[in-house]
Protein chains: 2
Amino acid sequence: MTTPAQRVKSVAVPDTKLHWEDFERGAVAVYGPRLVTREEIVAFAAEFDPQPMHLDEAAGAATLLGGLAASGWHSCSLLMRMICDGFVLNSTSMGAPGIDEVKWLKPLRPGTNVRVRATVLDVRESRSRPELGLVKFHFEMLDDAGAILTALATTLMFGRRSPGARS
Amino acid sequence: MTTPAQRVKSVAVPDTKLHWEDFERGAVAVYGPRLVTREEIVAFAAEFDPQPMHLDEAAGAATLLGGLAASGWHSCSLLMRMICDGFVLNSTSMGAPGIDEVKWLKPLRPGTNVRVRATVLDVRESRSRPELGLVKFHFEMLDDAGAILTALATTLMFGRRSPGARS
């Protein structure tokens with residue numbers, strides 16, 4: 001019988017991919033820019049979050065958002081795509097068990113060029129899975145002026161070059 | 001000069017819409033079912049989270065997910081759509097400032113009929129905005145067997161029938 005670790009290790013992973021050992025506490029990287037268009041904001045909202053403030057300028061203007069703005073879930077999904085392209089797809093990432101917290105601080109407007117800033121908050125071994133290591137990140141989506149629109153913290157699991165000890 | 005509250009109140013809101021006063025601590029509602037297809041899982045992943053385990057069965061089988069599964073952000077977005085159809089679009093909701101926590105407990109597989117269970121955890125006034133009230137929810141996405149796939153807690157802001165006192 002194989003453990004998940006053995007199954008994973010049986011797949012050849014290029015050593016050039018980012019492993020757990022390659023992440024360092026305090027490291028910061030910025031990805032993007034990516035232009036967010038009105039069309040994609042409305043398309044996402046129509047499918048997943050059809051509240052008026054995500055579909056229509058006039059409706060948005062009558063709300064706390066003060067105008068058309070992207071669904072918060074759209075912001076999170078765009079952030080995910082930007083970190084995928086930025087480093088996740090070139091890593092041994094095995095995903096995340098969840099998100100610690102999401103803050104939607106400012107509206108994401110059509111025509112914004114967004115960037116994502118990734119900060120490594122913590123790096124630690126996995127107690128239950130010695131073949132994995134954990135990296136806690138703080139991700140921030142920034143607008144053209146550097147204001148933080150969305151912030152979230154999550155812990156990603158990465159494959160290790162050298163498995164640790166099972167505790 | 002108008003405050004956001006005055007601007008919002010100037011828009012006619014049908015009294016049949018759910019207002020803050022209509023939510024009661026401990027109330028539970030279930031929405032759905034909704035069939036989640038392989039096609040939509042792959043389409044979402046291709047756009048927002050193109051990690052192999054969200055795109056391809058064989059790649060998924062080699063990971064902790066043990067097979068093709070939806071992006072966690074797709075699960076959240078589907079949950080949002082289901083609560084929009086369930087009650088949010090028929091309410092005075094003004095959105096949420098963020099999410100307290102998201103837990104991706106089990107993979108969302110193609111062919112699953114999902115439901116969303118909404119539980120009201122807390123109902124309170126807004127101190128800073130007397131025209132609004134706050135409702136804290138626990139939302140759970142359930143599979144056909146009732147297992148919890150995704151759980152998240154968030155606080156939605158709703159318009160009130162009778163504004164409270166500004167503190």
# chains A, B, ... in the order shown; residues from 1 in each chain; ligands from 1
$ closest_atom_pairs --of "chain B" --to "chain A" --cutoff "7 Å" --atoms "only C-alpha atoms" --output "Markdown table"
| residue | atom | partner | partner_atom | distance |
| --- | --- | --- | --- | --- |
| B:Pro4 | CA | A:Leu64 | CA | 6.5 |
| B:Arg7 | CA | A:Ala62 | CA | 6.3 |
| B:Val8 | CA | A:Ala62 | CA | 5.7 |
| B:Phe48 | CA | A:Arg81 | CA | 4.6 |
| B:Asp49 | CA | A:Arg81 | CA | 5.4 |
| B:Gln51 | CA | A:Leu89 | CA | 6.4 |
| B:Ala62 | CA | A:Val8 | CA | 5.8 |
| B:Thr63 | CA | A:Val8 | CA | 6.3 |
| B:Leu64 | CA | A:Pro4 | CA | 6.7 |
| B:Trp73 | CA | A:Ser77 | CA | 6.1 |
| B:Ser77 | CA | A:Phe48 | CA | 5.5 |
| B:Leu78 | CA | A:Phe48 | CA | 6.1 |
| B:Met80 | CA | A:Asp49 | CA | 6.1 |
| B:Arg81 | CA | A:Phe48 | CA | 4.6 |
| B:Cys84 | CA | A:Asp49 | CA | 6.6 |
| B:Leu89 | CA | A:Gln51 | CA | 6.4 |
| B:Met94 | CA | A:Thr63 | CA | 6.8 |
| B:Pro97 | CA | A:Trp104 | CA | 5.3 |
| B:Gly98 | CA | A:Lys103 | CA | 4.3 |
| B:Ile99 | CA | A:Val102 | CA | 4.9 |
| B:Asp100 | CA | A:Glu101 | CA | 5.0 |
| B:Glu101 | CA | A:Asp100 | CA | 5.0 |
| B:Val102 | CA | A:Ile99 | CA | 4.9 |
| B:Lys103 | CA | A:Gly98 | CA | 4.3 |
| B:Trp104 | CA | A:Gly98 | CA | 5.1 |
| B:Leu105 | CA | A:Pro97 | CA | 6.9 |
$ write_last_selection --atoms "N, CA and C atoms" --output "compact mmCIF listing (two decimals), in the first residue's frame"
# COMPACT_ATOMS: atom_id res chain seq x y z
N PRO B 4 -24.23 58.36 2.45
CA PRO B 4 -24.56 57.12 1.73
C PRO B 4 -25.95 56.61 2.10
N ARG B 7 -28.60 58.50 0.20
CA ARG B 7 -28.61 58.09 -1.20
C ARG B 7 -29.30 56.74 -1.36
N VAL B 8 -28.98 55.83 -0.47
CA VAL B 8 -29.59 54.50 -0.57
C VAL B 8 -31.09 54.58 -0.33
N PHE B 48 -9.22 30.78 -14.08
CA PHE B 48 -8.80 31.40 -12.82
C PHE B 48 -7.81 30.59 -11.97
N ASP B 49 -7.74 29.31 -12.16
CA ASP B 49 -6.93 28.49 -11.26
C ASP B 49 -6.44 27.24 -11.99
N GLN B 51 -4.38 24.99 -12.07
CA GLN B 51 -3.54 23.95 -11.50
C GLN B 51 -4.04 22.61 -12.04
N ALA B 62 -2.98 12.19 -8.93
CA ALA B 62 -1.62 12.16 -8.39
C ALA B 62 -1.42 13.15 -7.25
N THR B 63 -2.49 13.84 -6.84
CA THR B 63 -2.36 14.85 -5.79
C THR B 63 -3.14 14.46 -4.55
N LEU B 64 -3.08 15.31 -3.53
CA LEU B 64 -3.83 15.06 -2.31
C LEU B 64 -5.33 15.00 -2.56
N TRP B 73 -11.90 28.36 -5.18
CA TRP B 73 -12.55 29.63 -5.51
C TRP B 73 -13.80 29.40 -6.34
N SER B 77 -17.50 30.66 -5.41
CA SER B 77 -18.28 31.43 -6.38
C SER B 77 -19.64 30.78 -6.63
N LEU B 78 -19.66 29.45 -6.68
CA LEU B 78 -20.93 28.74 -6.83
C LEU B 78 -21.81 28.95 -5.60
N MET B 80 -21.76 31.54 -3.72
CA MET B 80 -22.28 32.91 -3.82
C MET B 80 -23.50 32.94 -4.73
N ARG B 81 -23.41 32.26 -5.88
CA ARG B 81 -24.53 32.30 -6.81
C ARG B 81 -25.78 31.66 -6.18
N CYS B 84 -27.23 34.03 -3.75
CA CYS B 84 -27.87 35.13 -4.51
C CYS B 84 -29.28 34.71 -4.92
N LEU B 89 -30.56 38.28 -3.61
CA LEU B 89 -31.14 39.18 -4.62
C LEU B 89 -32.52 39.67 -4.23
N MET B 94 -26.19 44.83 1.07
CA MET B 94 -25.22 45.77 0.51
C MET B 94 -23.85 45.15 0.49
N PRO B 97 -17.90 43.11 3.88
CA PRO B 97 -16.55 43.68 3.85
C PRO B 97 -15.45 42.63 3.71
N GLY B 98 -15.81 41.37 3.79
CA GLY B 98 -14.82 40.32 3.67
C GLY B 98 -15.37 38.99 4.12
N ILE B 99 -14.47 38.05 4.34
CA ILE B 99 -14.82 36.70 4.76
C ILE B 99 -13.98 36.38 5.98
N ASP B 100 -14.61 35.84 7.01
CA ASP B 100 -13.85 35.54 8.23
C ASP B 100 -12.91 34.37 8.03
N GLU B 101 -13.40 33.34 7.34
CA GLU B 101 -12.62 32.12 7.18
C GLU B 101 -13.28 31.27 6.12
N VAL B 102 -12.47 30.63 5.32
CA VAL B 102 -12.96 29.64 4.36
C VAL B 102 -12.26 28.32 4.65
N LYS B 103 -13.03 27.24 4.72
CA LYS B 103 -12.43 25.91 4.87
C LYS B 103 -12.85 25.04 3.70
N TRP B 104 -11.87 24.53 2.96
CA TRP B 104 -12.16 23.58 1.89
C TRP B 104 -11.94 22.19 2.48
N LEU B 105 -13.02 21.58 2.92
CA LEU B 105 -12.93 20.37 3.73
C LEU B 105 -12.83 19.11 2.90
$ select_by_dssp --residues "chain B" --states "alpha helix (DSSP H)" --output "ChimeraX atom specification"
/B:4-9,38-48,57-61,72-86
$ write_last_selection --atoms "N, CA, C and O atoms" --output "short mmCIF file (atom, residue, chain, number, x, y, z; two decimals), in the first residue's frame"
data_model
loop_
_atom_site.label_atom_id
_atom_site.label_comp_id
_atom_site.auth_asym_id
_atom_site.auth_seq_id
_atom_site.Cartn_x
_atom_site.Cartn_y
_atom_site.Cartn_z
N PRO B 4 -24.23 58.36 2.45
CA PRO B 4 -24.56 57.12 1.73
C PRO B 4 -25.95 56.61 2.10
O PRO B 4 -26.70 56.13 1.27
N ALA B 5 -26.32 56.76 3.38
CA ALA B 5 -27.63 56.27 3.82
C ALA B 5 -28.75 56.98 3.07
O ALA B 5 -29.70 56.37 2.60
N GLN B 6 -28.62 58.31 2.95
CA GLN B 6 -29.68 59.06 2.28
C GLN B 6 -29.76 58.69 0.81
O GLN B 6 -30.82 58.56 0.25
N ARG B 7 -28.60 58.50 0.20
CA ARG B 7 -28.61 58.09 -1.20
C ARG B 7 -29.30 56.74 -1.36
O ARG B 7 -30.10 56.54 -2.25
N VAL B 8 -28.98 55.83 -0.47
CA VAL B 8 -29.59 54.50 -0.57
C VAL B 8 -31.09 54.58 -0.33
O VAL B 8 -31.87 53.99 -1.05
N LYS B 9 -31.49 55.39 0.68
CA LYS B 9 -32.91 55.44 1.01
C LYS B 9 -33.72 56.12 -0.09
O LYS B 9 -34.93 55.92 -0.19
N ARG B 38 -18.43 18.56 -14.91
CA ARG B 38 -17.01 18.56 -15.24
C ARG B 38 -16.66 19.76 -16.11
O ARG B 38 -15.62 20.41 -15.93
N GLU B 39 -17.56 20.07 -17.04
CA GLU B 39 -17.28 21.16 -17.99
C GLU B 39 -17.10 22.49 -17.25
O GLU B 39 -16.20 23.27 -17.54
N GLU B 40 -17.97 22.77 -16.30
CA GLU B 40 -17.84 24.07 -15.62
C GLU B 40 -16.65 24.09 -14.67
O GLU B 40 -16.02 25.14 -14.49
N ILE B 41 -16.33 22.94 -14.08
CA ILE B 41 -15.14 22.87 -13.22
C ILE B 41 -13.88 23.20 -14.03
O ILE B 41 -13.04 24.00 -13.62
N VAL B 42 -13.78 22.59 -15.20
CA VAL B 42 -12.59 22.80 -16.03
C VAL B 42 -12.57 24.21 -16.60
O VAL B 42 -11.51 24.85 -16.68
N ALA B 43 -13.75 24.73 -16.97
CA ALA B 43 -13.79 26.09 -17.55
C ALA B 43 -13.37 27.13 -16.52
O ALA B 43 -12.60 28.05 -16.82
N PHE B 44 -13.86 26.99 -15.28
CA PHE B 44 -13.47 27.94 -14.24
C PHE B 44 -11.96 27.85 -13.99
O PHE B 44 -11.26 28.87 -13.90
N ALA B 45 -11.47 26.62 -13.87
CA ALA B 45 -10.04 26.42 -13.58
C ALA B 45 -9.18 26.98 -14.70
O ALA B 45 -8.15 27.62 -14.45
N ALA B 46 -9.60 26.77 -15.95
CA ALA B 46 -8.80 27.26 -17.07
C ALA B 46 -8.68 28.78 -17.01
O ALA B 46 -7.66 29.34 -17.39
N GLU B 47 -9.71 29.43 -16.51
CA GLU B 47 -9.67 30.90 -16.47
C GLU B 47 -8.97 31.43 -15.21
O GLU B 47 -8.23 32.39 -15.29
N PHE B 48 -9.22 30.78 -14.08
CA PHE B 48 -8.80 31.40 -12.82
C PHE B 48 -7.81 30.59 -11.97
O PHE B 48 -7.16 31.16 -11.09
N GLU B 57 -8.20 14.66 -14.83
CA GLU B 57 -8.41 13.56 -13.88
C GLU B 57 -7.10 12.92 -13.43
O GLU B 57 -6.88 12.69 -12.25
N ALA B 58 -6.23 12.61 -14.41
CA ALA B 58 -4.99 11.90 -14.06
C ALA B 58 -4.11 12.77 -13.18
O ALA B 58 -3.53 12.30 -12.19
N ALA B 59 -4.02 14.05 -13.51
CA ALA B 59 -3.21 14.96 -12.70
C ALA B 59 -3.80 15.06 -11.29
O ALA B 59 -3.07 15.08 -10.30
N GLY B 60 -5.12 15.12 -11.21
CA GLY B 60 -5.76 15.20 -9.90
C GLY B 60 -5.52 13.95 -9.07
O GLY B 60 -5.33 14.02 -7.85
N ALA B 61 -5.51 12.80 -9.75
CA ALA B 61 -5.33 11.54 -9.03
C ALA B 61 -3.95 11.46 -8.38
O ALA B 61 -3.76 10.76 -7.39
N GLY B 72 -11.06 25.72 -5.24
CA GLY B 72 -11.77 26.21 -4.06
C GLY B 72 -12.48 27.53 -4.32
O GLY B 72 -13.57 27.78 -3.78
N TRP B 73 -11.90 28.36 -5.18
CA TRP B 73 -12.55 29.63 -5.51
C TRP B 73 -13.80 29.40 -6.34
O TRP B 73 -14.75 30.20 -6.29
N HIS B 74 -13.81 28.33 -7.12
CA HIS B 74 -15.02 27.98 -7.86
C HIS B 74 -16.13 27.58 -6.88
O HIS B 74 -17.28 28.01 -7.01
N SER B 75 -15.77 26.79 -5.88
CA SER B 75 -16.76 26.41 -4.87
C SER B 75 -17.35 27.65 -4.20
O SER B 75 -18.56 27.77 -4.03
N CYS B 76 -16.48 28.58 -3.84
CA CYS B 76 -16.97 29.81 -3.20
C CYS B 76 -17.88 30.60 -4.14
O CYS B 76 -18.90 31.15 -3.72
N SER B 77 -17.50 30.66 -5.41
CA SER B 77 -18.28 31.43 -6.38
C SER B 77 -19.64 30.78 -6.63
O SER B 77 -20.67 31.47 -6.76
N LEU B 78 -19.66 29.45 -6.68
CA LEU B 78 -20.93 28.74 -6.83
C LEU B 78 -21.81 28.95 -5.60
O LEU B 78 -23.04 29.15 -5.72
N LEU B 79 -21.20 28.91 -4.44
CA LEU B 79 -21.95 29.16 -3.21
C LEU B 79 -22.56 30.56 -3.26
O LEU B 79 -23.74 30.76 -2.91
N MET B 80 -21.76 31.54 -3.72
CA MET B 80 -22.28 32.91 -3.82
C MET B 80 -23.50 32.94 -4.73
O MET B 80 -24.51 33.58 -4.41
N ARG B 81 -23.41 32.26 -5.88
CA ARG B 81 -24.53 32.30 -6.81
C ARG B 81 -25.78 31.66 -6.18
O ARG B 81 -26.91 32.13 -6.35
N MET B 82 -25.55 30.59 -5.43
CA MET B 82 -26.69 29.89 -4.84
C MET B 82 -27.35 30.73 -3.74
O MET B 82 -28.58 30.70 -3.58
N ILE B 83 -26.56 31.48 -2.99
CA ILE B 83 -27.22 32.34 -1.98
C ILE B 83 -27.81 33.59 -2.64
O ILE B 83 -28.81 34.12 -2.14
N CYS B 84 -27.23 34.03 -3.75
CA CYS B 84 -27.87 35.13 -4.51
C CYS B 84 -29.28 34.71 -4.92
O CYS B 84 -30.26 35.43 -4.68
N ASP B 85 -29.37 33.53 -5.56
CA ASP B 85 -30.68 33.05 -6.00
C ASP B 85 -31.56 32.69 -4.81
O ASP B 85 -32.79 32.78 -4.88
N GLY B 86 -30.93 32.27 -3.72
CA GLY B 86 -31.68 31.81 -2.57
C GLY B 86 -32.34 32.95 -1.79
O GLY B 86 -33.51 32.85 -1.41
#
$ closest_residue --among "A:Pro107, A:Ala145, A:Phe87, A:Thr119" --to "A:Gly26" --atoms "only C-alpha atoms"
A:Thr119
$ select_by_dssp --residues "stretch 4-161 of chain A" --states "strand (DSSP E or B)" --output "number ranges by chain"
A: 18, 28-36, 91, 93, 98-99, 101-104, 112-125, 132-142, 148-159
$ residues_around --residues "A:Val120" --least-positions-apart "5" --cutoff "7 Å" --atoms "only C-alpha atoms" --output "MDAnalysis selection string"
chainID A and resid 24:28 135:138
$ atom_distance --atom1 "atom CA of B:Arg115" --atom2 "atom CA of B:Tyr31"
5.6 Å
$ atom_distance --atom1 "atom CA of B:Arg117" --atom2 "atom CA of B:Gly146"
10.0 Å
$ atom_distance --atom1 "atom CA of A:Leu121" --atom2 "atom CA of B:Thr155"
25.9 Å
$ closest_residue --among "A:Ser128, A:Val36, A:Ala147, A:Ala70" --to "A:Asn113" --atoms "only C-alpha atoms"
A:Val36
$ residues_around --residues "B:Gly111" --least-positions-apart "3" --cutoff "10 Å" --atoms "only C-alpha atoms" --output "list in words"
Arg34, Leu35, Val36, Thr37, Arg38, Glu39, Leu108, Val114, Asp143 and Asp144 of chain B
$ decode --residues "stretch 42-56 of chain A" --atoms "N, CA, C and O atoms" --output "mmCIF file, in the first residue's frame"
data_model
loop_
_atom_site.group_PDB
_atom_site.id
_atom_site.type_symbol
_atom_site.label_atom_id
_atom_site.label_comp_id
_atom_site.auth_asym_id
_atom_site.auth_seq_id
_atom_site.Cartn_x
_atom_site.Cartn_y
_atom_site.Cartn_z
ATOM 1 N N VAL A 42 -18.481 42.255 -15.463
ATOM 2 C CA VAL A 42 -19.908 41.968 -15.656
ATOM 3 C C VAL A 42 -20.129 40.486 -15.966
ATOM 4 O O VAL A 42 -21.093 39.874 -15.478
ATOM 5 N N ALA A 43 -19.233 39.894 -16.755
ATOM 6 C CA ALA A 43 -19.394 38.476 -17.101
ATOM 7 C C ALA A 43 -19.288 37.590 -15.860
ATOM 8 O O ALA A 43 -20.088 36.662 -15.670
ATOM 9 N N PHE A 44 -18.314 37.873 -15.002
ATOM 10 C CA PHE A 44 -18.179 37.082 -13.774
ATOM 11 C C PHE A 44 -19.419 37.249 -12.906
ATOM 12 O O PHE A 44 -19.990 36.286 -12.393
ATOM 13 N N ALA A 45 -19.834 38.496 -12.743
ATOM 14 C CA ALA A 45 -20.996 38.772 -11.885
ATOM 15 C C ALA A 45 -22.252 38.098 -12.425
ATOM 16 O O ALA A 45 -23.045 37.539 -11.662
ATOM 17 N N ALA A 46 -22.438 38.136 -13.736
ATOM 18 C CA ALA A 46 -23.638 37.528 -14.309
ATOM 19 C C ALA A 46 -23.682 36.036 -14.002
ATOM 20 O O ALA A 46 -24.755 35.468 -13.802
ATOM 21 N N GLU A 47 -22.509 35.409 -13.937
ATOM 22 C CA GLU A 47 -22.477 33.966 -13.683
ATOM 23 C C GLU A 47 -22.528 33.634 -12.187
ATOM 24 O O GLU A 47 -23.207 32.692 -11.789
ATOM 25 N N PHE A 48 -21.831 34.408 -11.368
ATOM 26 C CA PHE A 48 -21.628 33.971 -9.986
ATOM 27 C C PHE A 48 -22.165 34.918 -8.908
ATOM 28 O O PHE A 48 -22.366 34.499 -7.772
ATOM 29 N N ASP A 49 -22.348 36.174 -9.220
ATOM 30 C CA ASP A 49 -22.698 37.135 -8.165
ATOM 31 C C ASP A 49 -23.506 38.283 -8.769
ATOM 32 O O ASP A 49 -23.055 39.436 -8.793
ATOM 33 N N PRO A 50 -24.724 37.960 -9.261
ATOM 34 C CA PRO A 50 -25.484 38.956 -10.029
ATOM 35 C C PRO A 50 -26.192 39.997 -9.168
ATOM 36 O O PRO A 50 -27.372 40.289 -9.377
ATOM 37 N N GLN A 51 -25.470 40.576 -8.225
ATOM 38 C CA GLN A 51 -26.002 41.710 -7.484
ATOM 39 C C GLN A 51 -25.844 42.962 -8.361
ATOM 40 O O GLN A 51 -24.843 43.111 -9.069
ATOM 41 N N PRO A 52 -26.821 43.864 -8.292
ATOM 42 C CA PRO A 52 -26.829 45.002 -9.218
ATOM 43 C C PRO A 52 -25.523 45.802 -9.244
ATOM 44 O O PRO A 52 -25.107 46.267 -10.306
ATOM 45 N N MET A 53 -24.856 45.939 -8.076
ATOM 46 C CA MET A 53 -23.646 46.782 -8.063
ATOM 47 C C MET A 53 -22.472 46.168 -8.803
ATOM 48 O O MET A 53 -21.467 46.854 -9.040
ATOM 49 N N HIS A 54 -22.600 44.888 -9.171
ATOM 50 C CA HIS A 54 -21.545 44.251 -9.962
ATOM 51 C C HIS A 54 -21.914 44.173 -11.447
ATOM 52 O O HIS A 54 -21.150 43.643 -12.252
ATOM 53 N N LEU A 55 -23.106 44.667 -11.792
ATOM 54 C CA LEU A 55 -23.594 44.522 -13.173
ATOM 55 C C LEU A 55 -23.816 45.849 -13.879
ATOM 56 O O LEU A 55 -23.828 45.908 -15.106
ATOM 57 N N ASP A 56 -24.014 46.907 -13.120
ATOM 58 C CA ASP A 56 -24.552 48.122 -13.716
ATOM 59 C C ASP A 56 -24.030 49.355 -12.981
ATOM 60 O O ASP A 56 -24.068 49.402 -11.742
#
